[in-house]
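Structure, as structure tokens:
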There are 2 protein chains.
Amino acid sequence: MPRQPDPALEQRILEAASRLWARGGEKALTMRAVAKAAGTTTPTVYERYRDRDDILRALRLQTRREMFDALSRTRTLREAVQCKLQFALEHRHAYQMLMDGVAKPPSLHEPWPSFNLMRERLAAHLGGTPRQHTRLTLAVWSLTYGTAMIIIRGQFQGELRTQTLHACLDAVDAVLECARSKHFAPTGPQWPPNLILGEGRQSRLGNGKGNRRGTRMSKPR
Amino acid sequence: MPRQPDPALEQRILEAASRLWARGGEKALTMRAVAKAAGTTTPTVYERYRDRDDILRALRLQTRREMFDALSRTRTLREAVQCKLQFALEHRHAYQMLMDGVAKPPSLHEPWPSFNLMRERLAAHLGGTPRQHTRLTLAVWSLTYGTAMIIIRGQFQGELRTQTLHACLDAVDAVLECARSKHFAPTGPQWPPNLILGEGRQSRLGNGKGNRRGTRMSKPR
């Protein structure tokens, strides 16, 4: 825990951790390696962060805050998706790190501000409560993630990249249009009432997993 | 190159390479490491495969063949997407390896049979030539990839996984429905005529990159 606040040092530690993760994944993130990459000592890192998970949590919070700040400057769902794609492509390591294990505790029990923003935009476009649109939000989430990841990992460039980004935005509009004209009847099993996402401590997976910290029943919105 | 055909040995080498890739990515794939993991000698591996790229190509061809075999047993676009998701989740390393660098040579200049199957299904549903639906195919591709990857890397399980799979299938139907009712007007720059995907040696990126092996102009289909 911090002896005295030093935001510049903490930022340097987080950036070093992010670089290490990009090169070798989670297992490259030892406290000693982070200290070395940040140009400081292991005890200094321990003064600021309890352990690797604490560093990962700080990185997630930072990415979520930055992404949400960017998204909240947009007005429509399409603009939000466009902004999220741009954020993902400009912060590719932070974005991938955020999404790895996103549905597992502890990430599951943290608020997902950008997910909630998307869900609220869907409710604003379509009526109803945000929570009623969780499944549609999942589809938009998968599409946005897939578009960013196929560009990043598939190494799409130039005109192919431009076309893929527009294909995504047009598909978002199509899904929205279809949902608006009531052509969008969900198939498969009904959404389980106790599957709650993006709502912090109230989040739970619905199938008995990951409920440990989400004991309080939340009121439907 | 093979002294004498030994499919069992080749399969063992490819499986060993796939396991190494899953653990350490492309850089873990040295010929020596592959030989050791396959329980054979480095010269034996060299008798079968020229180098690491040759092994990666054999793995891509195998994954494409298996995926296409599975997809060609389906009848509609929705069934094909469902089948592809199942394949991706059951062969997660092979699928991720296939998609990494998919738009770069040499992968760019290989045929993409499942991509073409999707494009033909779109043409069957909507009319027109398969190539006219390349952009729509890209949207379906991104959505399918994103759904598989968010489940794999986000560690979605149980009911969340089920809902996410259905959200994807419903979104595919929505996009198809929208395209059918002519609500789907592509935005952004027009599709460049010299951006050709999935057609083997005729494939090219349209922006002067990756054209080296795609010199012959192909007739529009």
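By convention here, the chains of the structure tokens are called A, B, ... in the order presented, each chain's residues are numbered starting at 1, and ligands are numbered starting at 1 in the order presented.
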Could you do a least-squares fit of chain A on chain B over every C-alpha atom, in sequence order, and give the output as an mmCIF file with C-alpha atoms, in the first residue's frame?
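To be explicit, this is the file written out as out.cif:
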data_model
loop_
_atom_site.group_PDB
_atom_site.id
_atom_site.type_symbol
_atom_site.label_atom_id
_atom_site.label_comp_id
_atom_site.auth_asym_id
_atom_site.auth_seq_id
_atom_site.Cartn_x
_atom_site.Cartn_y
_atom_site.Cartn_z
ATOM 1 C CA MET A 1 10.251 -33.624 -47.594
ATOM 2 C CA PRO A 2 8.919 -37.099 -46.797
ATOM 3 C CA ARG A 3 11.266 -40.011 -47.474
ATOM 4 C CA GLN A 4 8.312 -42.345 -47.247
ATOM 5 C CA PRO A 5 4.755 -41.372 -46.417
ATOM 6 C CA ASP A 6 3.961 -41.826 -42.752
ATOM 7 C CA PRO A 7 0.675 -40.055 -41.981
ATOM 8 C CA ALA A 8 0.754 -41.115 -38.337
ATOM 9 C CA LEU A 9 4.166 -39.492 -37.820
ATOM 10 C CA GLU A 10 3.120 -36.326 -39.645
ATOM 11 C CA GLN A 11 -0.022 -36.120 -37.546
ATOM 12 C CA ARG A 12 2.048 -36.574 -34.385
ATOM 13 C CA ILE A 13 4.351 -33.735 -35.459
ATOM 14 C CA LEU A 14 1.403 -31.417 -36.203
ATOM 15 C CA GLU A 15 -0.261 -32.202 -32.880
ATOM 16 C CA ALA A 16 2.988 -31.530 -31.031
ATOM 17 C CA ALA A 17 3.371 -28.219 -32.884
ATOM 18 C CA SER A 18 -0.185 -27.264 -31.989
ATOM 19 C CA ARG A 19 0.463 -27.979 -28.294
ATOM 20 C CA LEU A 20 3.645 -25.896 -28.339
ATOM 21 C CA TRP A 21 1.856 -23.007 -30.041
ATOM 22 C CA ALA A 22 -0.892 -23.113 -27.418
ATOM 23 C CA ARG A 23 1.698 -22.764 -24.671
ATOM 24 C CA GLY A 24 4.124 -20.241 -26.105
ATOM 25 C CA GLY A 25 2.841 -18.895 -29.431
ATOM 26 C CA GLU A 26 4.753 -18.922 -32.680
ATOM 27 C CA LYS A 27 8.158 -18.389 -31.101
ATOM 28 C CA ALA A 28 7.840 -21.661 -29.146
ATOM 29 C CA LEU A 29 7.684 -23.494 -32.482
ATOM 30 C CA THR A 30 11.323 -24.343 -33.142
ATOM 31 C CA MET A 31 12.000 -27.489 -35.171
ATOM 32 C CA ARG A 32 13.962 -28.897 -32.251
ATOM 33 C CA ALA A 33 11.139 -28.265 -29.764
ATOM 34 C CA VAL A 34 8.604 -29.799 -32.163
ATOM 35 C CA ALA A 35 10.789 -32.908 -32.580
ATOM 36 C CA LYS A 36 11.158 -33.316 -28.842
ATOM 37 C CA ALA A 37 7.423 -32.826 -28.182
ATOM 38 C CA ALA A 38 6.564 -35.328 -30.937
ATOM 39 C CA GLY A 39 8.992 -37.880 -29.504
ATOM 40 C CA THR A 40 11.160 -37.937 -32.619
ATOM 41 C CA THR A 41 14.421 -36.392 -33.860
ATOM 42 C CA THR A 42 15.020 -32.990 -35.435
ATOM 43 C CA PRO A 43 16.278 -34.523 -38.738
ATOM 44 C CA THR A 44 13.075 -36.584 -38.962
ATOM 45 C CA VAL A 45 10.987 -33.414 -38.613
ATOM 46 C CA TYR A 46 13.108 -31.764 -41.346
ATOM 47 C CA GLU A 47 12.457 -34.767 -43.627
ATOM 48 C CA ARG A 48 8.729 -33.998 -43.392
ATOM 49 C CA TYR A 49 8.648 -30.178 -43.104
ATOM 50 C CA ARG A 50 11.020 -27.601 -44.554
ATOM 51 C CA ASP A 51 10.732 -25.185 -41.636
ATOM 52 C CA ARG A 52 8.391 -23.687 -39.055
ATOM 53 C CA ASP A 53 6.348 -21.901 -41.734
ATOM 54 C CA ASP A 54 5.838 -25.214 -43.517
ATOM 55 C CA ILE A 55 4.472 -26.722 -40.286
ATOM 56 C CA LEU A 56 2.202 -23.703 -39.753
ATOM 57 C CA ARG A 57 0.923 -24.027 -43.320
ATOM 58 C CA ALA A 58 0.163 -27.730 -42.824
ATOM 59 C CA LEU A 59 -1.728 -26.880 -39.622
ATOM 60 C CA ARG A 60 -3.742 -24.161 -41.390
ATOM 61 C CA LEU A 61 -4.636 -26.508 -44.246
ATOM 62 C CA GLN A 62 -5.715 -29.208 -41.820
ATOM 63 C CA THR A 63 -7.879 -26.829 -39.756
ATOM 64 C CA ARG A 64 -9.465 -25.353 -42.887
ATOM 65 C CA ARG A 65 -10.238 -28.818 -44.261
ATOM 66 C CA GLU A 66 -11.782 -30.027 -41.003
ATOM 67 C CA MET A 67 -13.808 -26.841 -40.505
ATOM 68 C CA PHE A 68 -15.062 -26.901 -44.074
ATOM 69 C CA ASP A 69 -16.025 -30.584 -43.788
ATOM 70 C CA ALA A 70 -18.122 -29.735 -40.737
ATOM 71 C CA LEU A 71 -19.694 -26.615 -42.287
ATOM 72 C CA SER A 72 -20.571 -28.294 -45.569
ATOM 73 C CA ARG A 73 -22.857 -30.692 -43.711
ATOM 74 C CA THR A 74 -25.094 -27.719 -42.765
ATOM 75 C CA ARG A 75 -27.769 -26.173 -44.988
ATOM 76 C CA THR A 76 -28.442 -22.568 -43.934
ATOM 77 C CA LEU A 77 -26.212 -19.640 -42.974
ATOM 78 C CA ARG A 78 -27.425 -19.838 -39.384
ATOM 79 C CA GLU A 79 -26.570 -23.537 -39.184
ATOM 80 C CA ALA A 80 -23.145 -22.852 -40.690
ATOM 81 C CA VAL A 81 -22.449 -20.152 -38.086
ATOM 82 C CA GLN A 82 -23.613 -22.456 -35.304
ATOM 83 C CA CYS A 83 -21.374 -25.225 -36.614
ATOM 84 C CA LYS A 84 -18.404 -22.860 -36.907
ATOM 85 C CA LEU A 85 -18.851 -21.688 -33.307
ATOM 86 C CA GLN A 86 -18.946 -25.298 -32.148
ATOM 87 C CA PHE A 87 -15.825 -26.110 -34.182
ATOM 88 C CA ALA A 88 -13.995 -23.064 -32.787
ATOM 89 C CA LEU A 89 -14.851 -23.963 -29.191
ATOM 90 C CA GLU A 90 -13.856 -27.604 -29.673
ATOM 91 C CA HIS A 91 -10.597 -26.790 -31.500
ATOM 92 C CA ARG A 92 -9.746 -23.522 -29.800
ATOM 93 C CA HIS A 93 -5.997 -23.567 -30.381
ATOM 94 C CA ALA A 94 -6.261 -24.650 -34.022
ATOM 95 C CA TYR A 95 -8.935 -22.008 -34.627
ATOM 96 C CA GLN A 96 -6.950 -19.185 -33.017
ATOM 97 C CA MET A 97 -3.804 -20.263 -34.866
ATOM 98 C CA LEU A 98 -5.746 -20.208 -38.156
ATOM 99 C CA MET A 99 -7.036 -16.690 -37.581
ATOM 100 C CA ASP A 100 -3.723 -15.186 -36.398
ATOM 101 C CA GLY A 101 -2.337 -13.300 -39.405
ATOM 102 C CA VAL A 102 -5.143 -14.633 -41.629
ATOM 103 C CA ALA A 103 -5.073 -11.527 -43.849
ATOM 104 C CA LYS A 104 -1.315 -11.605 -44.337
ATOM 105 C CA PRO A 105 0.610 -13.625 -46.918
ATOM 106 C CA PRO A 106 0.983 -16.581 -47.095
ATOM 107 C CA SER A 107 -2.471 -17.153 -45.536
ATOM 108 C CA LEU A 108 -3.967 -14.346 -47.671
ATOM 109 C CA HIS A 109 -3.079 -16.212 -50.880
ATOM 110 C CA GLU A 110 -4.494 -19.549 -49.762
ATOM 111 C CA PRO A 111 -8.168 -20.405 -50.411
ATOM 112 C CA TRP A 112 -10.499 -19.772 -47.459
ATOM 113 C CA PRO A 113 -13.096 -22.515 -47.979
ATOM 114 C CA SER A 114 -15.324 -21.732 -44.966
ATOM 115 C CA PHE A 115 -15.307 -18.009 -45.752
ATOM 116 C CA ASN A 116 -16.391 -18.875 -49.303
ATOM 117 C CA LEU A 117 -19.094 -21.197 -48.038
ATOM 118 C CA MET A 118 -20.508 -18.379 -45.873
ATOM 119 C CA ARG A 119 -20.402 -16.005 -48.836
ATOM 120 C CA GLU A 120 -22.179 -18.531 -51.061
ATOM 121 C CA ARG A 121 -24.847 -19.038 -48.406
ATOM 122 C CA LEU A 122 -25.400 -15.264 -48.288
ATOM 123 C CA ALA A 123 -25.760 -15.204 -52.086
ATOM 124 C CA ALA A 124 -28.221 -18.115 -51.920
ATOM 125 C CA HIS A 125 -30.282 -16.240 -49.305
ATOM 126 C CA LEU A 126 -30.046 -12.784 -50.877
ATOM 127 C CA GLY A 127 -29.392 -13.253 -54.599
ATOM 128 C CA GLY A 128 -26.445 -11.808 -56.500
ATOM 129 C CA THR A 129 -22.948 -13.238 -56.776
ATOM 130 C CA PRO A 130 -20.973 -14.476 -53.774
ATOM 131 C CA ARG A 131 -18.346 -11.800 -54.291
ATOM 132 C CA GLN A 132 -20.965 -9.041 -53.965
ATOM 133 C CA HIS A 133 -21.513 -10.209 -50.396
ATOM 134 C CA THR A 134 -17.906 -10.096 -49.238
ATOM 135 C CA ARG A 135 -18.519 -7.174 -46.898
ATOM 136 C CA LEU A 136 -21.551 -8.797 -45.308
ATOM 137 C CA THR A 137 -19.479 -11.978 -44.958
ATOM 138 C CA LEU A 138 -16.839 -9.912 -43.122
ATOM 139 C CA ALA A 139 -19.477 -8.753 -40.622
ATOM 140 C CA VAL A 140 -20.666 -12.331 -40.027
ATOM 141 C CA TRP A 141 -17.031 -13.452 -39.794
ATOM 142 C CA SER A 142 -16.193 -10.787 -37.175
ATOM 143 C CA LEU A 143 -19.307 -11.626 -35.181
ATOM 144 C CA THR A 144 -18.574 -15.367 -35.221
ATOM 145 C CA TYR A 145 -14.912 -14.830 -34.363
ATOM 146 C CA GLY A 146 -15.815 -12.369 -31.617
ATOM 147 C CA THR A 147 -18.367 -14.739 -30.111
ATOM 148 C CA ALA A 148 -15.930 -17.660 -30.092
ATOM 149 C CA MET A 149 -13.087 -15.507 -28.746
ATOM 150 C CA ILE A 150 -15.115 -13.773 -26.042
ATOM 151 C CA ILE A 151 -16.262 -17.202 -24.810
ATOM 152 C CA ILE A 152 -12.716 -18.627 -24.965
ATOM 153 C CA ARG A 153 -10.696 -15.673 -23.683
ATOM 154 C CA GLY A 154 -13.397 -14.109 -21.516
ATOM 155 C CA GLN A 155 -13.937 -17.560 -19.925
ATOM 156 C CA PHE A 156 -17.703 -17.600 -20.436
ATOM 157 C CA GLN A 157 -19.349 -20.715 -19.055
ATOM 158 C CA GLY A 158 -22.763 -22.261 -18.389
ATOM 159 C CA GLU A 159 -25.804 -20.107 -19.029
ATOM 160 C CA LEU A 160 -23.764 -17.043 -20.009
ATOM 161 C CA ARG A 161 -22.099 -19.101 -22.730
ATOM 162 C CA THR A 162 -25.467 -20.418 -23.981
ATOM 163 C CA GLN A 163 -26.969 -16.915 -24.087
ATOM 164 C CA THR A 164 -23.919 -15.511 -25.896
ATOM 165 C CA LEU A 165 -24.092 -18.241 -28.557
ATOM 166 C CA HIS A 166 -27.792 -17.558 -29.160
ATOM 167 C CA ALA A 167 -27.213 -13.787 -29.166
ATOM 168 C CA CYS A 168 -24.762 -14.361 -32.029
ATOM 169 C CA LEU A 169 -27.129 -16.575 -34.031
ATOM 170 C CA ASP A 170 -29.998 -14.118 -33.566
ATOM 171 C CA ALA A 171 -27.778 -11.232 -34.688
ATOM 172 C CA VAL A 172 -26.828 -13.205 -37.836
ATOM 173 C CA ASP A 173 -30.540 -13.667 -38.570
ATOM 174 C CA ALA A 174 -31.131 -9.953 -37.955
ATOM 175 C CA VAL A 175 -28.377 -8.917 -40.356
ATOM 176 C CA LEU A 176 -29.711 -11.342 -42.965
ATOM 177 C CA GLU A 177 -33.281 -10.097 -42.471
ATOM 178 C CA CYS A 178 -32.142 -6.492 -42.813
ATOM 179 C CA ALA A 179 -30.133 -7.242 -45.958
ATOM 180 C CA ARG A 180 -33.122 -9.106 -47.423
ATOM 181 C CA SER A 181 -35.488 -6.185 -46.847
ATOM 182 C CA LYS A 182 -32.931 -3.819 -48.447
ATOM 183 C CA HIS A 183 -32.483 -1.881 -45.222
ATOM 184 C CA PHE A 184 -28.787 -2.595 -45.341
ATOM 185 C CA ALA A 185 -27.093 0.287 -47.167
ATOM 186 C CA PRO A 186 -23.310 0.026 -46.785
ATOM 187 C CA THR A 187 -21.718 3.174 -45.329
ATOM 188 C CA GLY A 188 -18.207 4.499 -45.759
ATOM 189 C CA PRO A 189 -15.978 4.020 -48.813
ATOM 190 C CA GLN A 190 -17.138 1.658 -51.570
ATOM 191 C CA TRP A 191 -15.669 -1.827 -51.668
ATOM 192 C CA PRO A 192 -12.453 -1.532 -53.735
ATOM 193 C CA PRO A 193 -12.682 -3.782 -56.819
ATOM 194 C CA ASN A 194 -9.144 -5.032 -56.278
ATOM 195 C CA LEU A 195 -9.761 -6.122 -52.659
ATOM 196 C CA ILE A 196 -10.322 -9.858 -53.128
ATOM 197 C CA LEU A 197 -10.508 -12.311 -50.231
ATOM 198 C CA GLY A 198 -10.599 -16.063 -49.839
ATOM 199 C CA GLU A 199 -9.936 -16.862 -53.506
ATOM 200 C CA GLY A 200 -6.454 -18.287 -53.203
ATOM 201 C CA ARG A 201 -3.872 -16.890 -55.634
ATOM 202 C CA GLN A 202 -6.312 -14.239 -56.838
ATOM 203 C CA SER A 203 -6.690 -12.763 -53.353
ATOM 204 C CA ARG A 204 -5.250 -9.295 -52.860
ATOM 205 C CA LEU A 205 -5.607 -6.461 -50.368
ATOM 206 C CA GLY A 206 -6.515 -3.672 -52.756
ATOM 207 C CA ASN A 207 -4.062 -1.178 -51.342
ATOM 208 C CA GLY A 208 -0.891 -2.350 -53.004
ATOM 209 C CA LYS A 209 0.000 -4.681 -50.160
ATOM 210 C CA GLY A 210 0.117 -8.435 -50.494
ATOM 211 C CA ASN A 211 -0.333 -8.330 -54.261
ATOM 212 C CA ARG A 212 2.998 -9.868 -55.051
ATOM 213 C CA ARG A 213 1.633 -13.319 -55.692
ATOM 214 C CA GLY A 214 -1.766 -12.233 -57.006
ATOM 215 C CA THR A 215 -0.711 -10.853 -60.348
ATOM 216 C CA ARG A 216 -3.396 -12.350 -62.554
ATOM 217 C CA MET A 217 -6.546 -10.196 -62.743
ATOM 218 C CA SER A 218 -9.513 -12.366 -61.945
ATOM 219 C CA LYS A 219 -12.810 -12.163 -63.794
ATOM 220 C CA PRO A 220 -15.694 -10.853 -61.698
ATOM 221 C CA ARG A 221 -17.955 -13.749 -60.754
#
DSSP-assigned alpha helix (DSSP H) among stretch 56-180 of chain B, expressed as a PyMOL selection string: chain B and resi 56-71+77-90+92-99+113-126+134-153+158-180
Restrict the selected residues to C-alpha atoms and save them as a short mmCIF file (atom, residue, chain, number, x, y, z; two decimals), in the first residue's frame.
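Below is the file that was written, selection.cif:
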data_model
loop_
_atom_site.label_atom_id
_atom_site.label_comp_id
_atom_site.auth_asym_id
_atom_site.auth_seq_id
_atom_site.Cartn_x
_atom_site.Cartn_y
_atom_site.Cartn_z
CA LEU B 56 2.22 -23.72 -39.76
CA ARG B 57 0.94 -24.05 -43.32
CA ALA B 58 0.18 -27.74 -42.84
CA LEU B 59 -1.69 -26.90 -39.64
CA ARG B 60 -3.72 -24.17 -41.40
CA LEU B 61 -4.61 -26.52 -44.26
CA GLN B 62 -5.69 -29.22 -41.83
CA THR B 63 -7.85 -26.84 -39.77
CA ARG B 64 -9.44 -25.35 -42.90
CA ARG B 65 -10.22 -28.82 -44.28
CA GLU B 66 -11.76 -30.03 -41.02
CA MET B 67 -13.78 -26.85 -40.52
CA PHE B 68 -15.05 -26.90 -44.09
CA ASP B 69 -16.01 -30.60 -43.81
CA ALA B 70 -18.10 -29.75 -40.75
CA LEU B 71 -19.67 -26.63 -42.31
CA LEU B 77 -26.21 -19.64 -42.99
CA ARG B 78 -27.42 -19.83 -39.39
CA GLU B 79 -26.55 -23.54 -39.21
CA ALA B 80 -23.13 -22.85 -40.71
CA VAL B 81 -22.43 -20.15 -38.10
CA GLN B 82 -23.59 -22.45 -35.32
CA CYS B 83 -21.36 -25.22 -36.64
CA LYS B 84 -18.39 -22.86 -36.92
CA LEU B 85 -18.83 -21.69 -33.33
CA GLN B 86 -18.92 -25.29 -32.17
CA PHE B 87 -15.81 -26.10 -34.20
CA ALA B 88 -13.97 -23.07 -32.80
CA LEU B 89 -14.83 -23.96 -29.20
CA GLU B 90 -13.83 -27.61 -29.69
CA ARG B 92 -9.72 -23.52 -29.81
CA HIS B 93 -5.98 -23.57 -30.39
CA ALA B 94 -6.25 -24.64 -34.02
CA TYR B 95 -8.92 -22.01 -34.64
CA GLN B 96 -6.93 -19.18 -33.04
CA MET B 97 -3.79 -20.26 -34.89
CA LEU B 98 -5.73 -20.20 -38.17
CA MET B 99 -7.02 -16.69 -37.58
CA PRO B 113 -13.09 -22.52 -48.00
CA SER B 114 -15.31 -21.74 -44.99
CA PHE B 115 -15.30 -18.01 -45.77
CA ASN B 116 -16.39 -18.87 -49.31
CA LEU B 117 -19.09 -21.20 -48.05
CA MET B 118 -20.51 -18.37 -45.89
CA ARG B 119 -20.40 -15.99 -48.85
CA GLU B 120 -22.17 -18.52 -51.08
CA ARG B 121 -24.84 -19.02 -48.42
CA LEU B 122 -25.39 -15.26 -48.30
CA ALA B 123 -25.75 -15.19 -52.09
CA ALA B 124 -28.21 -18.10 -51.92
CA HIS B 125 -30.27 -16.24 -49.31
CA LEU B 126 -30.05 -12.78 -50.89
CA THR B 134 -17.92 -10.09 -49.25
CA ARG B 135 -18.53 -7.16 -46.90
CA LEU B 136 -21.55 -8.79 -45.31
CA THR B 137 -19.49 -11.98 -44.97
CA LEU B 138 -16.84 -9.91 -43.15
CA ALA B 139 -19.48 -8.75 -40.63
CA VAL B 140 -20.66 -12.32 -40.04
CA TRP B 141 -17.03 -13.45 -39.80
CA SER B 142 -16.19 -10.78 -37.19
CA LEU B 143 -19.29 -11.62 -35.19
CA THR B 144 -18.57 -15.36 -35.24
CA TYR B 145 -14.89 -14.83 -34.38
CA GLY B 146 -15.81 -12.37 -31.62
CA THR B 147 -18.36 -14.74 -30.12
CA ALA B 148 -15.92 -17.66 -30.10
CA MET B 149 -13.07 -15.51 -28.77
CA ILE B 150 -15.11 -13.78 -26.05
CA ILE B 151 -16.25 -17.20 -24.83
CA ILE B 152 -12.71 -18.63 -24.98
CA ARG B 153 -10.68 -15.68 -23.70
CA GLY B 158 -22.74 -22.29 -18.41
CA GLU B 159 -25.78 -20.13 -19.04
CA LEU B 160 -23.74 -17.07 -20.03
CA ARG B 161 -22.08 -19.11 -22.75
CA THR B 162 -25.45 -20.43 -24.00
CA GLN B 163 -26.96 -16.93 -24.10
CA THR B 164 -23.91 -15.52 -25.91
CA LEU B 165 -24.08 -18.25 -28.58
CA HIS B 166 -27.78 -17.56 -29.17
CA ALA B 167 -27.20 -13.79 -29.19
CA CYS B 168 -24.75 -14.36 -32.05
CA LEU B 169 -27.12 -16.58 -34.05
CA ASP B 170 -29.98 -14.11 -33.58
CA ALA B 171 -27.76 -11.24 -34.70
CA VAL B 172 -26.83 -13.20 -37.85
CA ASP B 173 -30.53 -13.66 -38.58
CA ALA B 174 -31.12 -9.94 -37.97
CA VAL B 175 -28.38 -8.90 -40.37
CA LEU B 176 -29.71 -11.32 -42.98
CA GLU B 177 -33.28 -10.09 -42.48
CA CYS B 178 -32.15 -6.49 -42.82
CA ALA B 179 -30.14 -7.23 -45.96
CA ARG B 180 -33.12 -9.09 -47.42
#
Residue set, chain B restricted to strand (DSSP E or B), as a VMD selection string: chain B and resid 111 195 to 196 199 204 to 205
Print the selection's residues with C-alpha atoms to a file, as a PDB file, in the first residue's frame.
ATOM      1  CA  PRO B 111      -8.152 -20.413 -50.428  1.00  0.00           C
ATOM      2  CA  LEU B 195      -9.758  -6.102 -52.674  1.00  0.00           C
ATOM      3  CA  ILE B 196     -10.316  -9.849 -53.140  1.00  0.00           C
ATOM      4  CA  GLU B 199      -9.921 -16.840 -53.515  1.00  0.00           C
ATOM      5  CA  ARG B 204      -5.264  -9.282 -52.863  1.00  0.00           C
ATOM      6  CA  LEU B 205      -5.627  -6.456 -50.370  1.00  0.00           C
TER       7      LEU B 205
END
